[in-house]
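Raw entry.cif, mmCIF, C-alpha atoms:
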data_model
loop_
_atom_site.label_atom_id
_atom_site.label_comp_id
_atom_site.auth_asym_id
_atom_site.auth_seq_id
_atom_site.Cartn_x
_atom_site.Cartn_y
_atom_site.Cartn_z
CA MET Y 1 -23.07 -14.21 -16.07
CA ASN Y 2 -23.16 -13.20 -12.42
CA ASN Y 3 -26.13 -11.30 -11.05
CA PHE Y 4 -24.12 -8.63 -9.25
CA LYS Y 5 -27.25 -6.69 -8.29
CA GLU Y 6 -28.53 -9.58 -6.20
CA GLU Y 7 -25.21 -10.44 -4.59
CA LEU Y 8 -24.24 -6.95 -3.40
CA ASN Y 9 -25.87 -4.20 -1.43
CA ASP Y 10 -26.58 -0.90 -3.20
CA GLU Y 11 -23.40 0.78 -1.92
CA GLN Y 12 -21.19 -2.09 -3.05
CA TYR Y 13 -22.98 -2.43 -6.38
CA ARG Y 14 -22.29 1.19 -7.28
CA VAL Y 15 -18.56 0.72 -6.68
CA VAL Y 16 -18.47 -2.48 -8.70
CA THR Y 17 -20.34 -1.11 -11.73
CA GLU Y 18 -19.38 2.60 -11.66
CA GLY Y 19 -15.73 2.36 -10.63
CA ASP Y 20 -14.09 3.78 -13.75
CA GLY Y 21 -11.82 6.82 -13.54
CA PRO Y 22 -10.26 7.93 -10.24
CA CYS Y 23 -12.35 6.51 -7.39
CA LEU Y 24 -12.06 6.75 -3.62
CA VAL Y 25 -13.99 4.08 -1.73
CA LEU Y 26 -14.38 4.92 1.95
CA ALA Y 27 -15.01 1.54 3.50
CA GLY Y 28 -16.00 1.53 7.14
CA ALA Y 29 -15.10 -1.40 9.34
CA GLY Y 30 -17.15 -4.53 8.60
CA SER Y 31 -18.71 -3.05 5.46
CA GLY Y 32 -17.64 -5.78 3.03
CA LYS Y 33 -14.54 -4.08 1.65
CA THR Y 34 -12.87 -7.26 0.41
CA ARG Y 35 -16.12 -8.45 -1.11
CA THR Y 36 -16.48 -5.19 -3.00
CA ILE Y 37 -12.94 -5.25 -4.41
CA THR Y 38 -13.15 -8.86 -5.53
CA TYR Y 39 -16.54 -8.34 -7.18
CA ARG Y 40 -15.14 -5.26 -8.93
CA VAL Y 41 -12.33 -7.40 -10.37
CA ALA Y 42 -14.80 -10.12 -11.38
CA TYR Y 43 -17.00 -7.49 -13.02
CA LEU Y 44 -14.06 -6.19 -15.06
CA LEU Y 45 -13.19 -9.70 -16.17
CA GLU Y 46 -16.80 -10.32 -17.23
CA GLN Y 47 -16.62 -7.10 -19.26
CA GLY Y 48 -13.76 -8.64 -21.24
CA ILE Y 49 -10.84 -6.91 -19.50
CA SER Y 50 -7.73 -9.08 -19.73
CA PRO Y 51 -6.32 -10.34 -16.40
CA GLU Y 52 -2.92 -8.91 -17.39
CA SER Y 53 -4.51 -5.46 -17.61
CA ILE Y 54 -5.52 -5.40 -13.94
CA LEU Y 55 -3.07 -4.36 -11.23
CA LEU Y 56 -4.43 -5.34 -7.80
CA VAL Y 57 -2.26 -4.18 -4.89
CA THR Y 58 -2.76 -5.46 -1.36
CA PHE Y 59 -0.79 -5.10 1.87
CA THR Y 60 -0.21 -8.77 2.64
CA ASN Y 61 0.41 -11.87 0.56
CA LYS Y 62 -2.43 -13.54 2.45
CA ALA Y 63 -4.87 -10.83 1.36
CA ALA Y 64 -3.72 -11.13 -2.25
CA GLN Y 65 -4.21 -14.89 -2.24
CA GLU Y 66 -7.62 -14.56 -0.58
CA MET Y 67 -8.78 -12.08 -3.21
CA LYS Y 68 -7.56 -14.26 -6.09
CA GLU Y 69 -9.42 -17.24 -4.64
CA ARG Y 70 -12.59 -15.20 -4.15
CA VAL Y 71 -12.47 -13.87 -7.71
CA ALA Y 72 -12.05 -17.41 -9.03
CA GLU Y 73 -15.02 -18.52 -6.91
CA ILE Y 74 -17.19 -15.64 -8.16
CA MET Y 75 -16.29 -16.29 -11.78
CA GLY Y 76 -16.87 -20.02 -11.42
CA THR Y 77 -17.84 -21.67 -14.68
CA THR Y 78 -18.26 -18.29 -16.36
CA ALA Y 79 -14.50 -17.73 -16.35
CA SER Y 80 -12.86 -17.74 -19.75
CA SER Y 81 -10.02 -20.13 -20.39
CA SER Y 82 -7.64 -17.15 -20.17
CA VAL Y 83 -8.82 -16.25 -16.67
CA GLU Y 84 -8.74 -19.87 -15.52
CA ARG Y 85 -5.23 -20.36 -16.86
CA LYS Y 86 -3.62 -17.10 -15.78
CA GLY Y 87 -5.60 -16.05 -12.73
CA LEU Y 88 -4.58 -12.52 -11.74
CA PRO Y 89 -0.88 -12.38 -12.65
CA TRP Y 90 -0.43 -8.82 -11.38
CA SER Y 91 -1.91 -9.08 -7.90
CA GLY Y 92 0.17 -8.87 -4.74
CA THR Y 93 1.86 -6.54 -2.30
CA PHE Y 94 3.73 -3.42 -3.34
CA HIS Y 95 7.00 -5.24 -2.68
CA HIS Y 96 5.94 -8.25 -4.73
CA ILE Y 97 5.00 -6.11 -7.72
CA ALA Y 98 8.22 -4.10 -7.40
CA PHE Y 99 10.33 -7.26 -7.21
CA ARG Y 100 8.78 -8.67 -10.39
CA ILE Y 101 9.38 -5.51 -12.38
CA LEU Y 102 12.89 -4.92 -11.07
CA ARG Y 103 13.83 -8.51 -11.90
CA GLN Y 104 13.37 -7.49 -15.53
CA TYR Y 105 14.72 -3.94 -15.47
CA ALA Y 106 17.18 -3.58 -12.58
CA ALA Y 107 20.00 -3.08 -15.10
CA VAL Y 108 18.48 0.29 -16.00
CA LEU Y 109 19.41 1.43 -12.48
CA GLY Y 110 22.88 -0.08 -12.50
CA TYR Y 111 22.07 -3.40 -10.82
CA GLN Y 112 22.20 -6.86 -12.28
CA ASN Y 113 18.78 -8.44 -12.75
CA ASN Y 114 19.74 -11.31 -10.43
CA PHE Y 115 20.07 -8.97 -7.43
CA THR Y 116 19.62 -10.46 -3.98
CA ILE Y 117 17.16 -9.32 -1.30
CA LEU Y 118 18.39 -8.43 2.17
CA ASP Y 119 16.09 -9.40 5.01
CA SER Y 120 16.05 -7.48 8.28
CA GLU Y 121 18.89 -9.47 9.79
CA ASP Y 122 21.04 -9.04 6.68
CA SER Y 123 20.45 -5.28 6.78
CA ARG Y 124 21.43 -5.04 10.44
CA ASP Y 125 24.61 -7.06 9.85
CA LEU Y 126 25.60 -4.78 6.97
CA LEU Y 127 24.89 -1.68 9.06
CA LYS Y 128 27.12 -3.04 11.82
CA LEU Y 129 29.95 -3.07 9.29
CA CYS Y 130 29.09 0.53 8.39
CA LEU Y 131 29.20 1.52 12.05
CA LYS Y 132 32.57 -0.13 12.41
CA GLY Y 133 33.82 1.59 9.26
CA GLU Y 134 32.72 4.94 10.65
CA GLY Y 135 34.70 4.23 13.80
CA VAL Y 136 31.69 4.39 16.08
CA ASP Y 137 32.34 3.04 19.55
CA ARG Y 138 28.92 2.48 21.06
CA LYS Y 139 30.46 1.74 24.46
CA ALA Y 140 32.26 5.05 24.59
CA LYS Y 141 29.27 7.28 23.83
CA ARG Y 142 25.53 7.09 23.49
CA PHE Y 143 24.76 5.87 20.02
CA PRO Y 144 21.83 3.80 18.69
CA ASN Y 145 22.38 0.22 17.59
CA ALA Y 146 22.12 -1.08 14.04
CA LYS Y 147 18.44 -2.01 14.44
CA VAL Y 148 17.48 1.53 15.47
CA ILE Y 149 19.55 3.08 12.69
CA ASN Y 150 17.98 0.74 10.16
CA GLY Y 151 14.55 1.86 11.34
CA MET Y 152 15.54 5.52 10.99
CA ILE Y 153 16.86 5.04 7.46
CA SER Y 154 13.79 3.03 6.49
CA TYR Y 155 11.35 5.60 7.85
CA ALA Y 156 13.13 8.47 6.11
CA ARG Y 157 13.07 6.70 2.76
CA ASN Y 158 9.42 5.70 2.97
CA ALA Y 159 8.43 9.19 4.10
CA SER Y 160 10.55 10.80 1.34
CA LEU Y 161 12.55 12.71 3.93
CA SER Y 162 16.25 13.30 4.17
CA LEU Y 163 17.79 11.54 7.15
CA SER Y 164 18.83 14.92 8.58
CA ASP Y 165 15.26 16.23 8.42
CA LEU Y 166 13.95 13.06 10.05
CA ILE Y 167 16.44 13.36 12.92
CA ILE Y 168 15.39 16.96 13.55
CA LYS Y 169 11.68 15.99 13.53
CA ARG Y 170 11.75 12.70 15.46
CA TYR Y 171 15.19 12.10 16.98
CA SER Y 172 16.30 15.51 18.21
CA GLN Y 173 18.43 13.87 20.94
CA TRP Y 174 20.85 12.85 18.18
CA ALA Y 175 20.73 16.09 16.18
CA ASP Y 176 24.40 16.82 16.90
CA MET Y 177 25.33 13.55 15.19
CA ALA Y 178 23.20 13.99 12.05
CA ASP Y 179 26.29 14.08 9.81
CA VAL Y 180 27.48 10.77 11.22
CA PHE Y 181 24.12 9.14 10.53
CA SER Y 182 24.13 10.50 6.98
CA ARG Y 183 27.59 9.04 6.32
CA ILE Y 184 26.51 5.68 7.70
CA ALA Y 185 23.41 5.72 5.47
CA SER Y 186 25.52 6.59 2.42
CA ASP Y 187 27.98 3.81 3.19
CA TYR Y 188 25.09 1.38 3.67
CA ALA Y 189 23.65 2.30 0.26
CA LYS Y 190 27.08 1.98 -1.37
CA ARG Y 191 27.74 -1.46 0.14
CA LYS Y 192 24.34 -2.71 -1.01
CA LYS Y 193 24.92 -1.53 -4.56
CA GLU Y 194 28.40 -3.07 -4.68
CA ALA Y 195 26.95 -6.39 -3.49
CA ASN Y 196 24.13 -6.21 -6.06
CA ALA Y 197 21.63 -6.32 -3.22
CA MET Y 198 18.46 -4.47 -2.27
CA ASP Y 199 16.61 -4.28 1.01
CA PHE Y 200 12.82 -4.09 1.16
CA ASP Y 201 12.81 -0.30 1.02
CA ASP Y 202 15.00 -0.37 -2.08
CA LEU Y 203 12.32 -2.35 -3.90
CA LEU Y 204 9.85 0.51 -3.54
CA VAL Y 205 12.30 3.37 -3.98
CA ASN Y 206 13.91 1.75 -7.03
CA LEU Y 207 10.56 0.97 -8.65
CA GLN Y 208 9.57 4.61 -8.34
CA LEU Y 209 12.97 5.66 -9.68
CA LEU Y 210 12.70 3.23 -12.58
CA LEU Y 211 9.27 4.52 -13.59
CA LEU Y 212 10.48 8.11 -13.40
CA GLN Y 213 13.76 7.60 -15.26
CA SER Y 214 12.80 5.15 -18.00
CA GLN Y 215 10.09 6.33 -20.37
CA SER Y 216 9.97 2.98 -22.14
CA VAL Y 217 9.43 1.03 -18.92
CA ARG Y 218 6.89 3.56 -17.68
CA GLU Y 219 4.94 3.41 -20.93
CA ARG Y 220 4.97 -0.37 -20.99
CA PHE Y 221 3.32 -0.76 -17.61
CA THR Y 222 1.10 2.32 -17.58
CA LYS Y 223 -0.36 1.25 -20.93
CA GLN Y 224 -0.65 -2.38 -19.83
CA PHE Y 225 -2.57 -1.66 -16.62
CA HIS Y 226 -5.98 -0.43 -17.73
CA TYR Y 227 -7.24 -0.72 -14.14
CA VAL Y 228 -5.33 -0.20 -10.90
CA LEU Y 229 -6.96 -1.19 -7.61
CA VAL Y 230 -5.36 -0.61 -4.20
CA ASP Y 231 -6.53 -2.04 -0.88
CA GLU Y 232 -5.92 -0.41 2.54
CA TYR Y 233 -4.98 2.90 0.95
CA GLN Y 234 -4.94 4.65 4.32
CA ASP Y 235 -1.78 2.70 5.13
CA THR Y 236 0.24 3.74 2.07
CA ASN Y 237 3.34 5.89 2.41
CA LYS Y 238 4.53 8.62 0.06
CA ILE Y 239 6.59 6.25 -2.10
CA GLN Y 240 3.69 3.83 -2.54
CA ALA Y 241 1.27 6.64 -3.38
CA ALA Y 242 3.72 7.94 -5.98
CA ILE Y 243 4.01 4.48 -7.54
CA VAL Y 244 0.22 4.19 -7.72
CA ARG Y 245 -0.03 7.59 -9.38
CA LEU Y 246 2.59 6.65 -11.97
CA MET Y 247 1.04 3.25 -12.71
CA SER Y 248 -2.39 4.76 -13.33
CA SER Y 249 -1.16 7.76 -15.30
CA HIS Y 250 -2.14 6.51 -18.78
CA HIS Y 251 -5.65 5.08 -18.45
CA HIS Y 252 -6.55 6.96 -15.23
CA ASN Y 253 -8.67 4.10 -13.91
CA LEU Y 254 -7.57 4.08 -10.27
CA LEU Y 255 -9.75 2.72 -7.50
CA VAL Y 256 -8.43 2.92 -3.95
CA VAL Y 257 -10.21 1.48 -0.95
CA GLY Y 258 -9.57 2.52 2.62
CA ASP Y 259 -10.80 4.18 5.77
CA ASP Y 260 -9.08 7.22 7.25
CA ALA Y 261 -10.47 6.17 10.65
CA GLN Y 262 -8.44 2.94 10.52
CA SER Y 263 -4.99 4.35 9.78
CA ILE Y 264 -2.66 2.81 12.39
CA TYR Y 265 0.73 2.55 10.66
CA SER Y 266 2.08 6.10 10.90
CA PHE Y 267 5.05 4.67 12.84
CA ARG Y 268 6.00 2.93 9.57
CA ALA Y 269 5.67 6.19 7.60
CA ALA Y 270 2.09 5.55 6.43
CA ASP Y 271 0.70 8.95 5.48
CA ILE Y 272 -3.00 9.56 6.18
CA GLN Y 273 -2.85 12.55 3.82
CA ASN Y 274 -2.71 10.12 0.89
CA ILE Y 275 -6.38 9.37 1.45
CA LEU Y 276 -7.42 12.78 2.81
CA ASP Y 277 -5.85 14.58 -0.17
CA PHE Y 278 -6.96 12.06 -2.81
CA GLU Y 279 -9.59 14.35 -4.33
CA MET Y 280 -7.04 17.15 -4.61
CA MET Y 281 -4.53 14.84 -6.35
CA TYR Y 282 -7.23 13.45 -8.67
CA PRO Y 283 -9.71 16.29 -9.38
CA ASP Y 284 -12.34 14.14 -11.13
CA THR Y 285 -12.60 11.68 -8.25
CA LYS Y 286 -15.81 9.78 -7.54
CA VAL Y 287 -16.27 9.21 -3.81
CA PHE Y 288 -18.16 6.12 -2.66
CA ARG Y 289 -19.04 5.27 0.93
CA LEU Y 290 -19.56 1.77 2.32
CA GLU Y 291 -21.40 2.45 5.56
CA THR Y 292 -23.48 -0.71 6.05
CA ASN Y 293 -21.82 -2.72 8.79
CA TYR Y 294 -22.27 -6.50 8.96
CA ARG Y 295 -19.95 -7.15 11.89
CA SER Y 296 -21.03 -5.18 14.94
CA THR Y 297 -24.23 -4.42 16.84
CA PRO Y 298 -25.81 -0.93 16.75
CA ASP Y 299 -24.73 -0.46 20.37
CA ILE Y 300 -21.05 -0.80 19.45
CA LEU Y 301 -21.37 1.35 16.34
CA ASP Y 302 -23.01 4.18 18.30
CA VAL Y 303 -19.91 4.35 20.49
CA ALA Y 304 -17.52 4.04 17.54
CA ASN Y 305 -19.31 6.73 15.52
CA ASP Y 306 -19.23 9.10 18.48
CA VAL Y 307 -15.51 8.58 19.11
CA ILE Y 308 -14.59 8.97 15.44
CA SER Y 309 -16.70 12.13 15.11
CA HIS Y 310 -14.07 13.99 17.15
CA ASN Y 311 -11.29 13.43 14.60
CA GLU Y 312 -10.17 16.83 13.33
CA SER Y 313 -9.31 15.70 9.79
CA GLN Y 314 -11.59 13.07 8.35
CA TYR Y 315 -14.15 12.02 5.78
CA LYS Y 316 -17.52 12.10 7.51
CA LYS Y 317 -19.32 8.78 7.57
CA SER Y 318 -21.75 7.01 9.84
CA LEU Y 319 -21.78 3.23 10.07
CA ARG Y 320 -25.17 1.51 10.20
CA SER Y 321 -25.59 -2.02 11.52
CA VAL Y 322 -27.76 -4.72 9.98
CA ARG Y 323 -27.76 -6.62 13.26
CA ASP Y 324 -30.25 -6.39 16.13
CA PRO Y 325 -29.42 -4.36 19.24
CA PHE Y 326 -27.66 -6.26 21.98
CA SER Y 327 -26.09 -5.41 25.32
CA LEU Y 328 -24.41 -2.05 25.73
CA PRO Y 329 -20.60 -1.90 25.53
CA GLU Y 330 -18.86 -1.96 28.90
CA VAL Y 331 -15.62 -0.41 30.08
CA HIS Y 332 -13.48 -2.55 32.39
CA PRO Y 333 -10.43 -1.17 34.22
#

Would you mind giving the structure from this file in structure tokens?
Amino acid sequence: MNNFKEELNDEQYRVVTEGDGPCLVLAGAGSGKTRTITYRVAYLLEQGISPESILLVTFTNKAAQEMKERVAEIMGTTASSSVERKGLPWSGTFHHIAFRILRQYAAVLGYQNNFTILDSEDSRDLLKLCLKGEGVDRKAKRFPNAKVINGMISYARNASLSLSDLIIKRYSQWADMADVFSRIASDYAKRKKEANAMDFDDLLVNLQLLLLQSQSVRERFTKQFHYVLVDEYQDTNKIQAAIVRLMSSHHHNLLVVGDDAQSIYSFRAADIQNILDFEMMYPDTKVFRLETNYRSTPDILDVANDVISHNESQYKKSLRSVRDPFSLPEVHP
């Protein structure tokens, strides 16, 4: 058995051992976020939780692989044969998890299970055909190219906005052509479906749709996943947050880790409100704070804390360094 008390600081230990139910872990920069998540998974495994019952969602494949390796290292010789053999079969990015599930149940949504995935270049090529079909002459009038249109469609879908609403909010210069964009988007969706293909956004949107429309599929996975853990929650969009809510709706053991002060992907439709409104969405939430910083000197943290303190909407936290003071930060033009 691992001695978690010795291997973690008090803040981390509380998360690892008290993380049942809905939990929000506010992890400041350099506070051992990855260490805390991996030890939480190891703790669950030591408590006899089956690896198949843990859904661990990360934002990159590299992060998922790193966490699996760290869990295996923590477990060491204490790992049961089941853990050693299966690892963490349900760990990966949102898109990876969606792909695995849709490979089994795409037929419920009218696809074949052997659907193909369109990469960015494939999507742009297909949109060029849609532009041509719409009769758009980009040389004759100002009109965005396929890459820009693809970005607009993608943002709208991830933000759960209609394309018309998105154009009014972010692309008002093209407001008079909103109907044209909507027709292009509809044609794009139709061509994908006819080709039995999905782009990366379809993976997320279709997983949410599948869970909403099929009670049997929803019950299978919500009952299977006793524990749902999500890394970098401040960077989730509305679709991803909805998927997380659905997946944790049976056992209600949801632990999300993030830092509202590190949200930098709003241009990709990441919604900071997912973390700021977490307690409202999950009324019985336990809030943990990881505020012990192992990365930076006190001099740097004093500046960072002061800058962050001016954020209008935030969870208050104050990072504390374990390192000795060093030279003061400098500003260079």

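Take the candidates Y:Ser248, Y:Cys130, Y:Phe59, Y:Leu254 and check each one against Thr285 in chain Y using only C-alpha atoms; the shortest distance goes to Y:Leu254.
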
If the box runs along x, y and z of the file and leaves 4 Å on each side of range 238-253 of chain Y, what are its centre and edge lengths in Å, one decimal, as lines of an AutoDock Vina configuration file?
center_x = -1.0
center_y = 5.9
center_z = -9.4
size_x = 23.3
size_y = 13.4
size_z = 26.8

For Val303 in chain Y, please output as a VMD selection string all residues within 12 Å (counting all atoms listed in the file; exclusion window: fewer than 2 positions along the same chain). chain Y and resid 296 to 301 305 to 310 318 to 320 328 to 331

Extract, using all atoms listed in the file, all DNA, RNA and protein residues at most 6 Å from range 260-271 of chain Y, discarding same-chain residues fewer than 4 positions from it, and format them as a ChimeraX atom specification. /Y:155,158-159,234-237

Run the PyMOL selection byres ((chain Y and resi 286) around 7) against the file shown and list the residues it catches, as a PyMOL selection string. chain Y and resi 22-24+284-285+287-288

What lies within 12 Å of Tyr105 in chain Y using all atoms listed in the file, ignoring chain neighbours under 4 positions off, as a list in words? Ala98, Phe99, Arg100, Ile101, Leu109, Gly110, Tyr111, Gln112, Asn113, Asn114, Phe115, Leu203, Asn206, Leu207, Leu209, Leu210, Leu211, Gln213, Ser214, Ser216, Val217, Arg218 and Arg220 of chain Y

Do you know which residues the PyMOL selection byres ((chain Y and resi 239) around 7) returns on this file, as a PyMOL selection string? chain Y and resi 158+160+204-205+237-238+240-243

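Relative to CA of Asp179 in chain Y, CA of Arg142 in chain Y is found at 15.4 Å.
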
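Using all atoms listed in the file, the nearest neighbour of Gln173 in chain Y within the list Y:Pro144, Y:Arg245, Y:His250, Y:Asp259 is Y:Pro144.
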
Could you give me, as JSON, numbers by chain, the residues that have an atom at most 8 Å away from the point (-25.2, -6.7, 10.4) in the coordinates of the file, using only C-alpha atoms? {"Y": [292, 293, 294, 295, 296, 297, 321, 322, 323, 324]}

Expected file: the selected residues, C-alpha atoms, as a PDB file, keeping the file's coordinate frame:
ATOM      1  CA  THR Y 292     -23.480  -0.710   6.050  1.00  0.00           C
ATOM      2  CA  ASN Y 293     -21.820  -2.720   8.790  1.00  0.00           C
ATOM      3  CA  TYR Y 294     -22.270  -6.500   8.960  1.00  0.00           C
ATOM      4  CA  ARG Y 295     -19.950  -7.150  11.890  1.00  0.00           C
ATOM      5  CA  SER Y 296     -21.030  -5.180  14.940  1.00  0.00           C
ATOM      6  CA  THR Y 297     -24.230  -4.420  16.840  1.00  0.00           C
ATOM      7  CA  SER Y 321     -25.590  -2.020  11.520  1.00  0.00           C
ATOM      8  CA  VAL Y 322     -27.760  -4.720   9.980  1.00  0.00           C
ATOM      9  CA  ARG Y 323     -27.760  -6.620  13.260  1.00  0.00           C
ATOM     10  CA  ASP Y 324     -30.250  -6.390  16.130  1.00  0.00           C
TER      11      ASP Y 324
END

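The smallest atom-to-atom distance between Ala29 in chain Y and any of Y:Glu232, Y:Glu279, Y:Asp202, Y:Glu69, using all atoms listed in the file, is found for Y:Glu232.
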
Two-atom distance - CA of Arg191 in chain Y, CA of Lys169 in chain Y (Å): 27.2 Å

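Interatomic distance, CA of Phe143 in chain Y against CA of Trp174 in chain Y: 8.2 Å.
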
Quick one: everything within 8 Å of range 54-57 of chain Y, counting all atoms listed in the file, minus sequence neighbours fewer than 2 positions away in the same chain. Send it as a PDB file with C-alpha atoms, in the frame of the given file.
ATOM      1  CA  VAL Y  41     -12.330  -7.400 -10.370  1.00  0.00           C
ATOM      2  CA  ILE Y  49     -10.840  -6.910 -19.500  1.00  0.00           C
ATOM      3  CA  SER Y  50      -7.730  -9.080 -19.730  1.00  0.00           C
ATOM      4  CA  PRO Y  51      -6.320 -10.340 -16.400  1.00  0.00           C
ATOM      5  CA  GLU Y  52      -2.920  -8.910 -17.390  1.00  0.00           C
ATOM      6  CA  PHE Y  59      -0.790  -5.100   1.870  1.00  0.00           C
ATOM      7  CA  ALA Y  64      -3.720 -11.130  -2.250  1.00  0.00           C
ATOM      8  CA  LEU Y  88      -4.580 -12.520 -11.740  1.00  0.00           C
ATOM      9  CA  TRP Y  90      -0.430  -8.820 -11.380  1.00  0.00           C
ATOM     10  CA  SER Y  91      -1.910  -9.080  -7.900  1.00  0.00           C
ATOM     11  CA  GLY Y  92       0.170  -8.870  -4.740  1.00  0.00           C
ATOM     12  CA  THR Y  93       1.860  -6.540  -2.300  1.00  0.00           C
ATOM     13  CA  PHE Y  94       3.730  -3.420  -3.340  1.00  0.00           C
ATOM     14  CA  PHE Y 225      -2.570  -1.660 -16.620  1.00  0.00           C
ATOM     15  CA  HIS Y 226      -5.980  -0.430 -17.730  1.00  0.00           C
ATOM     16  CA  TYR Y 227      -7.240  -0.720 -14.140  1.00  0.00           C
ATOM     17  CA  VAL Y 228      -5.330  -0.200 -10.900  1.00  0.00           C
ATOM     18  CA  LEU Y 229      -6.960  -1.190  -7.610  1.00  0.00           C
ATOM     19  CA  VAL Y 230      -5.360  -0.610  -4.200  1.00  0.00           C
ATOM     20  CA  ASP Y 231      -6.530  -2.040  -0.880  1.00  0.00           C
TER      21      ASP Y 231
END

Using the chain letters and residue numbers of this document, give as a tab-separated table (two decimals) with C-alpha atoms, in the frame of the given file the residues selected by the PyMOL selection byres ((chain Y and resi 117) around 8).
chain	number	residue	atom	x	y	z
Y	115	PHE	CA	20.07	-8.97	-7.43
Y	116	THR	CA	19.62	-10.46	-3.98
Y	118	LEU	CA	18.39	-8.43	2.17
Y	119	ASP	CA	16.09	-9.40	5.01
Y	197	ALA	CA	21.63	-6.32	-3.22
Y	198	MET	CA	18.46	-4.47	-2.27
Y	199	ASP	CA	16.61	-4.28	1.01
Y	200	PHE	CA	12.82	-4.09	1.16
